[in-house]
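Visitor: Next up is a structure, given as structure tokens.
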Amino acid sequence: MPNNINSMHSFHQAGRTTSSSHKGCCWLSSHLKRAPSHKVLGRFCAGMGKLQSKLKHSTYKYRPDGIIEERTQTKSCLEYSPAHVDSVSVVAALNSDLCVSGGKDKTVVAYNWKSGNVVKRFRGHEREITKIACIPRSSQFFSASRDRTVTMWDLCGPSQPRQQFSGHTMVVTGLAVSPDSSQLCTGSRDNTLLLWDVGTGRCAERASISRNLVTHLRWVPHQPYVLQTSEDKTIRLWDSRGLQVAHIFPTKQHIQTYCEVSEDGHKCISCSSGFGGEGCEATLWDLRQTRNRICEYKGHFQTVASCVFLPRALASMPIIATSSHDCKVKIWNQDTGACLFTLSLDGSGPLTSLAVGDTVSLLCASFSRGIHLLRVEHSQGLELREVAVF
């Protein structure tokens, strides 16, 4: 039975039905007729248990000849102490050892993902944490919440907030810190962007555009520009000097859920909502001259919630990673759009956030299983493996 159900699962994932899935249904139907219901249920649950154990570590390797190889991980996954007691909404890397995360439990947690220990918990928000933004080469970071506020914290200071920013009338859905850390840009579902002086906590600029429900913000390195995605399906580039729109990218067909900028500030990625493979893509854009679409990455079956540029040292070609509500993390060839590897984190629920931990590690926040520590390996070509969860 597990073979039939496994076949059913894989083809349902692709939105198709096959004769093998029909045979699986016929098998179950025939056994229901000739066996007591509790025995059939027991066998069915046992088979599903074995299947779930296998699917929990399913990976898909994409070969140059176009054949997809399904593999099952045999290495164990470490179970660290949980960072949160509820769903994790966002994770960000503070440095090469520590990450900062926030979730539905209203807490912000600094966690050493190499040792598996909570370093510090911060409490002060009244509702779910939505975004985290870290100040580079610093112990300070910001958290945004559904309580409409933004809070500044210091890992090396007391547990009380270092600074608070209140000015939005709805949930804060975007945070971006300027390269010199002197300014903070925030966005909200109230259609506004606010520019703050970090030192004084005062709002310096305010901009509002009708139906511009902000989904994410990212400051362009070495530039006075802020990239923004929105529920109105557009990507905007803002000039922080006066907080004016400098450029609007071609409108997409679906809500833009997230954006990321390369370290050199030359390129950016945006992610799309979607379902059943419709939408569900990431798009690479040029930030320098043409600002046109360079490449699209299609293969997820549900909303793509996060994307990151991976360190160049990981592969011979530039690569990116995406995480989706379909429980999958994918690695892509940035230039060609080819999917190089897929890791399926079955049972994790929607994957909500993705962050680069160090040169070989990714941190992936999930709805049901906390934060996953993933490692990029080259033992059999480029691969991604889950090594811990916390």
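Letters for chains follow the order of the structure tokens (A, B, ...), residue numbers begin at 1 for each chain, and ligand numbers begin at 1 in the order shown.
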Which residues, written as a PyMOL selection string, have at least one atom at most 10 Å from Thr359 of chain A, with only C-alpha atoms counted and residues fewer than 6 positions away on the same chain left out?
Guide: chain A and resi 96+310-314+375-376
Visitor: Include C-alpha atoms and write out the residues we just selected as an mmCIF file, in the first residue's frame.
Guide:
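To be explicit, this is the file written out as selection_33.cif:
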```cif
data_model
loop_
_atom_site.group_PDB
_atom_site.id
_atom_site.type_symbol
_atom_site.label_atom_id
_atom_site.label_comp_id
_atom_site.auth_asym_id
_atom_site.auth_seq_id
_atom_site.Cartn_x
_atom_site.Cartn_y
_atom_site.Cartn_z
ATOM 1 C CA SER A 96 27.424 33.840 11.589
ATOM 2 C CA LEU A 310 23.211 32.689 -1.853
ATOM 3 C CA PRO A 311 26.946 33.278 -1.247
ATOM 4 C CA ARG A 312 28.878 33.121 -4.499
ATOM 5 C CA ALA A 313 31.397 30.687 -2.969
ATOM 6 C CA LEU A 314 28.721 27.962 -2.830
ATOM 7 C CA ARG A 375 23.086 23.001 4.845
ATOM 8 C CA VAL A 376 24.302 23.223 1.264
#
```
Visitor: Could you name the residues that touch Thr352 of chain A at 12 Å or less, counting only C-alpha atoms, but leaving out those on the same chain fewer than 4 positions away, as an mmCIF file with all heavy atoms, in the first residue's frame?
Guide:
```cif
data_model
loop_
_atom_site.group_PDB
_atom_site.id
_atom_site.type_symbol
_atom_site.label_atom_id
_atom_site.label_comp_id
_atom_site.auth_asym_id
_atom_site.auth_seq_id
_atom_site.Cartn_x
_atom_site.Cartn_y
_atom_site.Cartn_z
ATOM 1 N N SER A 87 3.792 29.287 15.890
ATOM 2 C CA SER A 87 4.308 29.457 14.535
ATOM 3 C C SER A 87 5.353 30.568 14.474
ATOM 4 O O SER A 87 5.224 31.598 15.146
ATOM 5 C CB SER A 87 3.167 29.787 13.579
ATOM 6 O OG SER A 87 2.210 28.754 13.580
ATOM 7 N N VAL A 88 6.383 30.350 13.649
ATOM 8 C CA VAL A 88 7.433 31.348 13.461
ATOM 9 C C VAL A 88 7.130 32.139 12.193
ATOM 10 O O VAL A 88 6.953 31.565 11.114
ATOM 11 C CB VAL A 88 8.822 30.689 13.366
ATOM 12 C CG1 VAL A 88 9.907 31.746 13.232
ATOM 13 C CG2 VAL A 88 9.079 29.824 14.597
ATOM 14 N N SER A 89 7.067 33.454 12.320
ATOM 15 C CA SER A 89 6.709 34.309 11.191
ATOM 16 C C SER A 89 7.917 34.758 10.390
ATOM 17 O O SER A 89 7.840 34.912 9.167
ATOM 18 C CB SER A 89 5.963 35.556 11.695
ATOM 19 O OG SER A 89 4.872 35.212 12.506
ATOM 20 N N VAL A 90 9.055 34.953 11.079
ATOM 21 C CA VAL A 90 10.210 35.536 10.405
ATOM 22 C C VAL A 90 11.490 35.137 11.119
ATOM 23 O O VAL A 90 11.520 34.961 12.339
ATOM 24 C CB VAL A 90 10.071 37.086 10.362
ATOM 25 C CG1 VAL A 90 9.960 37.670 11.769
ATOM 26 C CG2 VAL A 90 11.213 37.728 9.602
ATOM 27 N N VAL A 91 12.556 34.964 10.334
ATOM 28 C CA VAL A 91 13.882 34.709 10.896
ATOM 29 C C VAL A 91 14.891 35.530 10.111
ATOM 30 O O VAL A 91 14.758 35.715 8.897
ATOM 31 C CB VAL A 91 14.242 33.203 10.853
ATOM 32 C CG1 VAL A 91 14.306 32.689 9.417
ATOM 33 C CG2 VAL A 91 15.537 32.931 11.584
ATOM 34 N N ALA A 92 15.901 36.066 10.815
ATOM 35 C CA ALA A 92 16.960 36.849 10.188
ATOM 36 C C ALA A 92 18.279 36.514 10.871
ATOM 37 O O ALA A 92 18.305 36.179 12.062
ATOM 38 C CB ALA A 92 16.666 38.351 10.302
ATOM 39 N N SER A 101 14.507 35.737 15.594
ATOM 40 C CA SER A 101 13.229 35.300 15.026
ATOM 41 C C SER A 101 12.066 35.871 15.814
ATOM 42 O O SER A 101 12.200 36.268 16.973
ATOM 43 C CB SER A 101 13.144 33.769 15.013
ATOM 44 O OG SER A 101 13.303 33.250 16.318
ATOM 45 N N GLY A 102 10.915 35.900 15.156
ATOM 46 C CA GLY A 102 9.691 36.356 15.801
ATOM 47 C C GLY A 102 8.527 35.507 15.354
ATOM 48 O O GLY A 102 8.554 34.918 14.265
ATOM 49 N N GLY A 103 7.495 35.434 16.190
ATOM 50 C CA GLY A 103 6.378 34.573 15.835
ATOM 51 C C GLY A 103 5.069 34.983 16.452
ATOM 52 O O GLY A 103 4.918 36.085 16.995
ATOM 53 N N THR A 130 5.919 40.371 12.856
ATOM 54 C CA THR A 130 5.775 40.217 11.412
ATOM 55 C C THR A 130 7.099 40.319 10.659
ATOM 56 O O THR A 130 7.296 39.636 9.657
ATOM 57 C CB THR A 130 4.810 41.274 10.853
ATOM 58 O OG1 THR A 130 5.280 42.577 11.241
ATOM 59 C CG2 THR A 130 3.399 41.065 11.395
ATOM 60 N N LYS A 131 7.999 41.181 11.101
ATOM 61 C CA LYS A 131 9.273 41.399 10.410
ATOM 62 C C LYS A 131 10.404 41.614 11.421
ATOM 63 O O LYS A 131 10.171 42.109 12.524
ATOM 64 C CB LYS A 131 9.206 42.630 9.487
ATOM 65 C CG LYS A 131 8.146 42.546 8.393
ATOM 66 C CD LYS A 131 8.513 41.539 7.313
ATOM 67 C CE LYS A 131 7.434 41.503 6.224
ATOM 68 N NZ LYS A 131 7.741 40.555 5.144
ATOM 69 N N THR A 257 5.026 39.301 -2.725
ATOM 70 C CA THR A 257 5.049 39.007 -1.291
ATOM 71 C C THR A 257 6.352 39.384 -0.592
ATOM 72 O O THR A 257 6.371 39.555 0.623
ATOM 73 C CB THR A 257 4.822 37.505 -1.072
ATOM 74 O OG1 THR A 257 5.855 36.771 -1.752
ATOM 75 C CG2 THR A 257 3.459 37.079 -1.605
ATOM 76 N N TYR A 258 7.448 39.508 -1.358
ATOM 77 C CA TYR A 258 8.759 39.651 -0.722
ATOM 78 C C TYR A 258 9.746 40.184 -1.752
ATOM 79 O O TYR A 258 9.551 40.041 -2.958
ATOM 80 C CB TYR A 258 9.221 38.278 -0.219
ATOM 81 C CG TYR A 258 10.415 38.283 0.704
ATOM 82 C CD1 TYR A 258 10.249 38.422 2.078
ATOM 83 C CD2 TYR A 258 11.709 38.136 0.210
ATOM 84 C CE1 TYR A 258 11.344 38.415 2.934
ATOM 85 C CE2 TYR A 258 12.806 38.129 1.058
ATOM 86 C CZ TYR A 258 12.620 38.264 2.417
ATOM 87 O OH TYR A 258 13.707 38.261 3.265
ATOM 88 N N GLN A 302 2.644 26.711 -4.590
ATOM 89 C CA GLN A 302 1.889 27.661 -3.783
ATOM 90 C C GLN A 302 2.713 28.938 -3.629
ATOM 91 O O GLN A 302 3.819 29.045 -4.162
ATOM 92 C CB GLN A 302 1.532 27.050 -2.417
ATOM 93 C CG GLN A 302 0.559 25.883 -2.496
ATOM 94 C CD GLN A 302 0.141 25.380 -1.134
ATOM 95 O OE1 GLN A 302 -0.049 26.158 -0.201
ATOM 96 N NE2 GLN A 302 0.007 24.069 -0.995
ATOM 97 N N THR A 303 2.172 29.904 -2.908
ATOM 98 C CA THR A 303 2.805 31.208 -2.731
ATOM 99 C C THR A 303 4.279 31.088 -2.334
ATOM 100 O O THR A 303 4.624 30.328 -1.432
ATOM 101 C CB THR A 303 2.054 32.002 -1.655
ATOM 102 O OG1 THR A 303 0.748 32.336 -2.148
ATOM 103 C CG2 THR A 303 2.791 33.293 -1.289
ATOM 104 N N VAL A 304 5.121 31.837 -3.026
ATOM 105 C CA VAL A 304 6.533 31.926 -2.661
ATOM 106 C C VAL A 304 6.660 33.054 -1.642
ATOM 107 O O VAL A 304 6.349 34.212 -1.939
ATOM 108 C CB VAL A 304 7.424 32.196 -3.887
ATOM 109 C CG1 VAL A 304 8.891 32.255 -3.481
ATOM 110 C CG2 VAL A 304 7.214 31.104 -4.939
ATOM 111 N N ALA A 305 7.093 32.714 -0.433
ATOM 112 C CA ALA A 305 7.063 33.666 0.676
ATOM 113 C C ALA A 305 8.388 34.372 0.899
ATOM 114 O O ALA A 305 8.432 35.433 1.518
ATOM 115 C CB ALA A 305 6.649 32.955 1.968
ATOM 116 N N SER A 306 9.503 33.793 0.399
ATOM 117 C CA SER A 306 10.806 34.376 0.689
ATOM 118 C C SER A 306 11.824 33.950 -0.362
ATOM 119 O O SER A 306 11.683 32.902 -1.002
ATOM 120 C CB SER A 306 11.277 33.944 2.085
ATOM 121 O OG SER A 306 12.450 34.632 2.456
ATOM 122 N N CYS A 307 12.853 34.772 -0.530
ATOM 123 C CA CYS A 307 13.918 34.475 -1.488
ATOM 124 C C CYS A 307 15.215 35.114 -0.999
ATOM 125 O O CYS A 307 15.191 36.153 -0.333
ATOM 126 C CB CYS A 307 13.555 34.988 -2.879
ATOM 127 S SG CYS A 307 13.100 36.742 -2.915
ATOM 128 N N THR A 322 14.629 29.885 -2.761
ATOM 129 C CA THR A 322 13.270 30.343 -2.469
ATOM 130 C C THR A 322 12.598 29.377 -1.504
ATOM 131 O O THR A 322 12.897 28.182 -1.505
ATOM 132 C CB THR A 322 12.420 30.429 -3.749
ATOM 133 O OG1 THR A 322 12.425 29.146 -4.409
ATOM 134 C CG2 THR A 322 12.951 31.484 -4.698
ATOM 135 N N SER A 323 11.686 29.887 -0.690
ATOM 136 C CA SER A 323 10.869 29.034 0.174
ATOM 137 C C SER A 323 9.411 29.373 -0.070
ATOM 138 O O SER A 323 9.063 30.510 -0.382
ATOM 139 C CB SER A 323 11.218 29.226 1.646
ATOM 140 O OG SER A 323 10.932 30.549 2.073
ATOM 141 N N SER A 324 8.544 28.359 0.092
ATOM 142 C CA SER A 324 7.161 28.511 -0.335
ATOM 143 C C SER A 324 6.186 27.905 0.667
ATOM 144 O O SER A 324 6.569 27.112 1.536
ATOM 145 C CB SER A 324 6.982 27.841 -1.701
ATOM 146 O OG SER A 324 5.628 27.697 -2.057
ATOM 147 N N HIS A 325 4.937 28.261 0.516
ATOM 148 C CA HIS A 325 3.880 27.651 1.313
ATOM 149 C C HIS A 325 3.666 26.186 0.955
ATOM 150 O O HIS A 325 2.929 25.486 1.655
ATOM 151 C CB HIS A 325 2.572 28.427 1.123
ATOM 152 C CG HIS A 325 2.586 29.780 1.767
ATOM 153 N ND1 HIS A 325 1.503 30.637 1.749
ATOM 154 C CD2 HIS A 325 3.555 30.442 2.448
ATOM 155 C CE1 HIS A 325 1.801 31.759 2.382
ATOM 156 N NE2 HIS A 325 3.046 31.662 2.817
ATOM 157 N N ASP A 326 4.294 25.710 -0.136
ATOM 158 C CA ASP A 326 4.160 24.302 -0.503
ATOM 159 C C ASP A 326 5.156 23.397 0.239
ATOM 160 O O ASP A 326 5.347 22.249 -0.139
ATOM 161 C CB ASP A 326 4.300 24.119 -2.021
ATOM 162 C CG ASP A 326 5.679 24.537 -2.556
ATOM 163 O OD1 ASP A 326 6.593 24.760 -1.752
ATOM 164 O OD2 ASP A 326 5.823 24.641 -3.790
ATOM 165 N N CYS A 327 5.785 23.933 1.299
ATOM 166 C CA CYS A 327 6.713 23.188 2.164
ATOM 167 C C CYS A 327 8.050 22.871 1.485
ATOM 168 O O CYS A 327 8.786 21.999 1.955
ATOM 169 C CB CYS A 327 6.102 21.873 2.661
ATOM 170 S SG CYS A 327 4.538 22.050 3.520
ATOM 171 N N LYS A 328 8.379 23.574 0.423
ATOM 172 C CA LYS A 328 9.605 23.274 -0.302
ATOM 173 C C LYS A 328 10.558 24.461 -0.337
ATOM 174 O O LYS A 328 10.134 25.612 -0.440
ATOM 175 C CB LYS A 328 9.275 22.834 -1.730
ATOM 176 C CG LYS A 328 8.596 21.469 -1.807
ATOM 177 C CD LYS A 328 8.232 21.106 -3.226
ATOM 178 C CE LYS A 328 7.694 19.674 -3.295
ATOM 179 N NZ LYS A 328 6.530 19.459 -2.441
ATOM 180 N N VAL A 329 11.842 24.127 -0.263
ATOM 181 C CA VAL A 329 12.916 25.094 -0.496
ATOM 182 C C VAL A 329 13.601 24.681 -1.786
ATOM 183 O O VAL A 329 13.985 23.518 -1.949
ATOM 184 C CB VAL A 329 13.933 25.107 0.666
ATOM 185 C CG1 VAL A 329 15.048 26.108 0.384
ATOM 186 C CG2 VAL A 329 13.242 25.442 1.987
ATOM 187 N N SER A 348 5.933 20.560 7.792
ATOM 188 C CA SER A 348 6.347 21.836 8.371
ATOM 189 C C SER A 348 5.271 22.911 8.242
ATOM 190 O O SER A 348 5.340 23.943 8.895
ATOM 191 C CB SER A 348 7.621 22.334 7.691
ATOM 192 O OG SER A 348 7.372 22.587 6.324
ATOM 193 N N LEU A 363 18.631 29.335 7.091
ATOM 194 C CA LEU A 363 17.647 29.237 8.163
ATOM 195 C C LEU A 363 16.274 29.432 7.544
ATOM 196 O O LEU A 363 16.047 30.391 6.810
ATOM 197 C CB LEU A 363 17.909 30.301 9.228
ATOM 198 C CG LEU A 363 19.279 30.216 9.904
ATOM 199 C CD1 LEU A 363 19.637 31.542 10.553
ATOM 200 C CD2 LEU A 363 19.298 29.095 10.933
ATOM 201 N N CYS A 364 15.364 28.517 7.838
ATOM 202 C CA CYS A 364 14.037 28.537 7.226
ATOM 203 C C CYS A 364 12.965 28.450 8.306
ATOM 204 O O CYS A 364 12.876 27.444 9.016
ATOM 205 C CB CYS A 364 13.905 27.385 6.236
ATOM 206 S SG CYS A 364 12.318 27.335 5.385
ATOM 207 N N ALA A 365 12.162 29.495 8.446
ATOM 208 C CA ALA A 365 11.080 29.511 9.426
ATOM 209 C C ALA A 365 9.842 28.851 8.839
ATOM 210 O O ALA A 365 9.549 28.980 7.653
ATOM 211 C CB ALA A 365 10.756 30.945 9.830
ATOM 212 N N SER A 366 9.096 28.136 9.705
ATOM 213 C CA SER A 366 7.920 27.416 9.229
ATOM 214 C C SER A 366 6.737 27.612 10.172
ATOM 215 O O SER A 366 6.897 28.024 11.322
ATOM 216 C CB SER A 366 8.224 25.920 9.089
ATOM 217 O OG SER A 366 8.387 25.307 10.347
ATOM 218 N N PHE A 367 5.573 27.286 9.659
ATOM 219 C CA PHE A 367 4.330 27.470 10.412
ATOM 220 C C PHE A 367 4.158 26.416 11.509
ATOM 221 O O PHE A 367 3.638 26.712 12.577
ATOM 222 C CB PHE A 367 3.144 27.414 9.448
ATOM 223 C CG PHE A 367 1.834 27.839 10.054
ATOM 224 C CD1 PHE A 367 1.484 29.176 10.107
ATOM 225 C CD2 PHE A 367 0.952 26.898 10.572
ATOM 226 C CE1 PHE A 367 0.276 29.570 10.677
ATOM 227 C CE2 PHE A 367 -0.260 27.284 11.132
ATOM 228 C CZ PHE A 367 -0.591 28.621 11.187
ATOM 229 N N SER A 368 4.618 25.189 11.244
ATOM 230 C CA SER A 368 4.290 24.088 12.155
ATOM 231 C C SER A 368 5.470 23.483 12.910
ATOM 232 O O SER A 368 5.277 22.851 13.935
ATOM 233 C CB SER A 368 3.598 22.952 11.371
ATOM 234 O OG SER A 368 2.443 23.419 10.729
ATOM 235 N N ARG A 369 6.708 23.661 12.398
ATOM 236 C CA ARG A 369 7.841 22.961 13.002
ATOM 237 C C ARG A 369 8.990 23.876 13.397
ATOM 238 O O ARG A 369 10.129 23.462 13.483
ATOM 239 C CB ARG A 369 8.353 21.854 12.066
ATOM 240 C CG ARG A 369 7.375 20.709 11.858
ATOM 241 C CD ARG A 369 8.015 19.580 11.068
ATOM 242 N NE ARG A 369 9.183 19.024 11.741
ATOM 243 C CZ ARG A 369 10.351 18.796 11.143
ATOM 244 N NH1 ARG A 369 10.523 19.109 9.862
ATOM 245 N NH2 ARG A 369 11.352 18.271 11.804
ATOM 246 N N GLY A 370 8.703 25.142 13.643
ATOM 247 C CA GLY A 370 9.745 26.044 14.111
ATOM 248 C C GLY A 370 10.682 26.479 13.008
ATOM 249 O O GLY A 370 10.271 26.793 11.891
ATOM 250 N N ILE A 371 11.983 26.474 13.316
ATOM 251 C CA ILE A 371 13.010 26.935 12.383
ATOM 252 C C ILE A 371 13.873 25.752 11.965
ATOM 253 O O ILE A 371 14.353 24.985 12.809
ATOM 254 C CB ILE A 371 13.881 28.039 13.017
ATOM 255 C CG1 ILE A 371 12.996 29.223 13.439
ATOM 256 C CG2 ILE A 371 14.970 28.499 12.040
ATOM 257 C CD1 ILE A 371 13.706 30.255 14.276
ATOM 258 N N HIS A 372 14.091 25.619 10.671
ATOM 259 C CA HIS A 372 14.906 24.536 10.125
ATOM 260 C C HIS A 372 16.289 25.067 9.783
ATOM 261 O O HIS A 372 16.417 26.120 9.147
ATOM 262 C CB HIS A 372 14.269 23.972 8.850
ATOM 263 C CG HIS A 372 12.855 23.527 9.025
ATOM 264 N ND1 HIS A 372 12.488 22.211 9.224
ATOM 265 C CD2 HIS A 372 11.695 24.238 9.037
ATOM 266 C CE1 HIS A 372 11.176 22.129 9.335
ATOM 267 N NE2 HIS A 372 10.664 23.343 9.230
#
```
Visitor: What are the nearest atom pairs, with distances in Å to one decimal, for all residues of segment 140-199 of chain A that come at most 9 Å from segment 106-113 of chain A, using only C-alpha atoms, set out by chain and rising residue number as a Markdown table?
Guide:
```
| residue | atom | partner | partner_atom | distance |
| --- | --- | --- | --- | --- |
| A:Ser143 | CA | A:Val108 | CA | 7.5 |
| A:Ser145 | CA | A:Lys106 | CA | 8.2 |
| A:Leu155 | CA | A:Ala110 | CA | 7.7 |
```
Visitor: When you look at Leu227 of chain A with a cut-off of 9 Å (counting only C-alpha atoms), what residues show up, excluding the ones that are within fewer than 3 positions of it in the same chain? I need them as a ChimeraX atom specification.
Guide: /A:176,216-220,235-238,259-261,268
Visitor: Just list the residues in segment 159-283 of chain A DSSP gives strand (DSSP E or B) on the backbone, as a PyMOL selection string.
Guide: chain A and resi 163-166+172-177+183-188+192-197+203-208+214-219+225-230+235-239+244-248+256-261+267-272+274-275+278-279+282-283
Visitor: Keeping only C-alpha atoms, write those residues as a tab-separated table (two decimals), in the first residue's frame.
Guide:
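Listing of again-v7.tsv after writing:
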```
chain	number	residue	atom	x	y	z
A	163	GLN	CA	13.71	52.62	21.07
A	164	GLN	CA	10.09	52.45	19.94
A	165	PHE	CA	8.50	53.76	16.74
A	166	SER	CA	4.74	54.35	16.63
A	172	VAL	CA	3.63	46.91	10.11
A	173	THR	CA	4.70	44.72	7.19
A	174	GLY	CA	8.03	46.20	6.11
A	175	LEU	CA	11.36	47.11	7.76
A	176	ALA	CA	14.55	48.37	6.11
A	177	VAL	CA	17.66	49.83	7.72
A	183	GLN	CA	17.58	55.70	9.25
A	184	LEU	CA	14.79	53.15	9.39
A	185	CYS	CA	12.09	52.83	6.73
A	186	THR	CA	8.83	51.13	7.71
A	187	GLY	CA	5.81	50.12	5.65
A	188	SER	CA	2.31	49.01	6.52
A	192	THR	CA	2.13	54.37	3.98
A	193	LEU	CA	5.90	54.38	4.24
A	194	LEU	CA	7.55	56.19	7.13
A	195	LEU	CA	11.20	57.24	7.35
A	196	TRP	CA	12.58	57.43	10.90
A	197	ASP	CA	15.65	58.91	12.54
A	203	CYS	CA	9.47	60.35	11.93
A	204	ALA	CA	11.31	62.44	9.32
A	205	GLU	CA	9.27	61.65	6.18
A	206	ARG	CA	5.88	60.17	5.34
A	207	ALA	CA	4.55	58.96	1.98
A	208	SER	CA	1.19	57.43	1.14
A	214	VAL	CA	3.24	47.03	1.68
A	215	THR	CA	4.42	43.42	1.92
A	216	HIS	CA	8.21	43.89	2.29
A	217	LEU	CA	10.99	46.48	2.24
A	218	ARG	CA	14.71	46.16	1.53
A	219	TRP	CA	17.30	48.96	1.49
A	225	TYR	CA	17.07	53.72	-2.35
A	226	VAL	CA	14.49	51.42	-0.74
A	227	LEU	CA	12.89	48.55	-2.64
A	228	GLN	CA	9.26	47.73	-1.84
A	229	THR	CA	6.76	45.03	-2.80
A	230	SER	CA	3.01	45.43	-2.51
A	235	ILE	CA	7.48	46.68	-7.08
A	236	ARG	CA	8.53	50.25	-6.32
A	237	LEU	CA	11.94	51.82	-5.83
A	238	TRP	CA	11.85	54.74	-3.39
A	239	ASP	CA	14.40	57.53	-3.05
A	244	GLN	CA	9.62	59.84	-3.42
A	245	VAL	CA	8.99	57.00	-5.90
A	246	ALA	CA	12.03	56.78	-8.19
A	247	HIS	CA	10.89	53.87	-10.35
A	248	ILE	CA	7.98	51.44	-10.74
A	256	GLN	CA	4.30	40.51	-4.70
A	257	THR	CA	5.05	39.01	-1.29
A	258	TYR	CA	8.76	39.65	-0.72
A	259	CYS	CA	11.89	41.24	-2.17
A	260	GLU	CA	15.66	40.90	-1.77
A	261	VAL	CA	18.62	42.87	-3.11
A	267	LYS	CA	20.00	43.05	-8.92
A	268	CYS	CA	16.86	42.27	-6.93
A	269	ILE	CA	14.37	39.42	-6.63
A	270	SER	CA	10.64	39.62	-5.98
A	271	CYS	CA	8.27	36.75	-5.10
A	272	SER	CA	4.67	36.13	-6.13
A	274	GLY	CA	-0.29	31.96	-6.24
A	275	PHE	CA	-1.82	28.51	-6.06
A	278	GLU	CA	-0.28	29.62	-11.19
A	279	GLY	CA	1.87	32.56	-10.15
A	282	ALA	CA	10.28	34.49	-8.23
A	283	THR	CA	11.53	37.18	-10.62
```
Visitor: Calculated over only C-alpha atoms, which of the candidates A:Gly337, A:Gly201, A:Pro136, A:Gly381 has the smallest distance to Leu94 of chain A?
Guide: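 The closest residue to Leu94 of chain A is A:Pro136.
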Visitor: Do a neighbour search on segment 288-293 of chain A at 9 Å with only C-alpha atoms, toss out local chain neighbours closer than 2 positions, and write the hits as a short mmCIF file (atom, residue, chain, number, x, y, z; two decimals) with N, CA, C and O atoms, in the first residue's frame.
Guide:
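The resulting selection_3.cif:
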```cif
data_model
loop_
_atom_site.label_atom_id
_atom_site.label_comp_id
_atom_site.auth_asym_id
_atom_site.auth_seq_id
_atom_site.Cartn_x
_atom_site.Cartn_y
_atom_site.Cartn_z
N HIS A 247 11.14 54.76 -9.22
CA HIS A 247 10.89 53.87 -10.35
C HIS A 247 9.81 52.86 -9.97
O HIS A 247 9.74 52.42 -8.82
N PHE A 249 8.46 49.14 -11.34
CA PHE A 249 8.72 48.03 -12.24
C PHE A 249 7.42 47.60 -12.94
O PHE A 249 6.33 47.90 -12.45
N PRO A 250 7.53 46.90 -14.07
CA PRO A 250 6.32 46.41 -14.74
C PRO A 250 5.44 45.60 -13.80
O PRO A 250 5.93 44.74 -13.06
N GLY A 265 24.13 45.45 -4.95
CA GLY A 265 23.09 46.41 -5.26
C GLY A 265 22.70 46.47 -6.72
O GLY A 265 21.94 47.36 -7.14
N HIS A 266 23.14 45.52 -7.53
CA HIS A 266 22.87 45.54 -8.97
C HIS A 266 21.57 44.83 -9.36
O HIS A 266 20.96 45.17 -10.36
N LYS A 267 21.18 43.85 -8.57
CA LYS A 267 20.00 43.05 -8.92
C LYS A 267 19.07 42.91 -7.72
O LYS A 267 19.47 43.08 -6.57
N THR A 283 11.10 36.43 -9.44
CA THR A 283 11.53 37.18 -10.62
C THR A 283 12.79 37.96 -10.30
O THR A 283 12.87 38.64 -9.27
N LEU A 284 13.77 37.87 -11.19
CA LEU A 284 15.02 38.62 -11.05
C LEU A 284 14.94 39.88 -11.89
O LEU A 284 14.56 39.83 -13.07
N TRP A 285 15.31 41.02 -11.29
CA TRP A 285 15.23 42.32 -11.96
C TRP A 285 16.60 43.00 -11.97
O TRP A 285 17.43 42.76 -11.09
N ASP A 286 16.80 43.90 -12.94
CA ASP A 286 18.01 44.71 -13.03
C ASP A 286 17.75 46.05 -12.35
O ASP A 286 16.82 46.77 -12.70
N CYS A 295 15.06 37.26 -15.38
CA CYS A 295 14.79 35.82 -15.37
C CYS A 295 13.62 35.53 -14.43
O CYS A 295 13.37 36.29 -13.48
N GLU A 296 12.92 34.43 -14.68
CA GLU A 296 11.86 33.97 -13.78
C GLU A 296 12.15 32.55 -13.33
O GLU A 296 12.74 31.76 -14.08
#
```
Visitor: I'd like to know which of A:Lys104, A:Thr342, A:Pro158, A:Leu351 is closest to Arg385 of chain A, using only C-alpha atoms.
Guide: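 Nearest to Arg385 of chain A: A:Thr342.
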Visitor: Pick out the residues sitting within 12 Å of Asp105 of chain A, and hand them over as a count of residues only; count only C-alpha atoms, and ignore anything fewer than 5 positions along from it in its own chain.
Guide: 20
Visitor: Calculate how many Å separate atom CA of Thr234 of chain A from atom CA of Arg211 of chain A, rounding to one decimal.
Guide: 10.6 Å
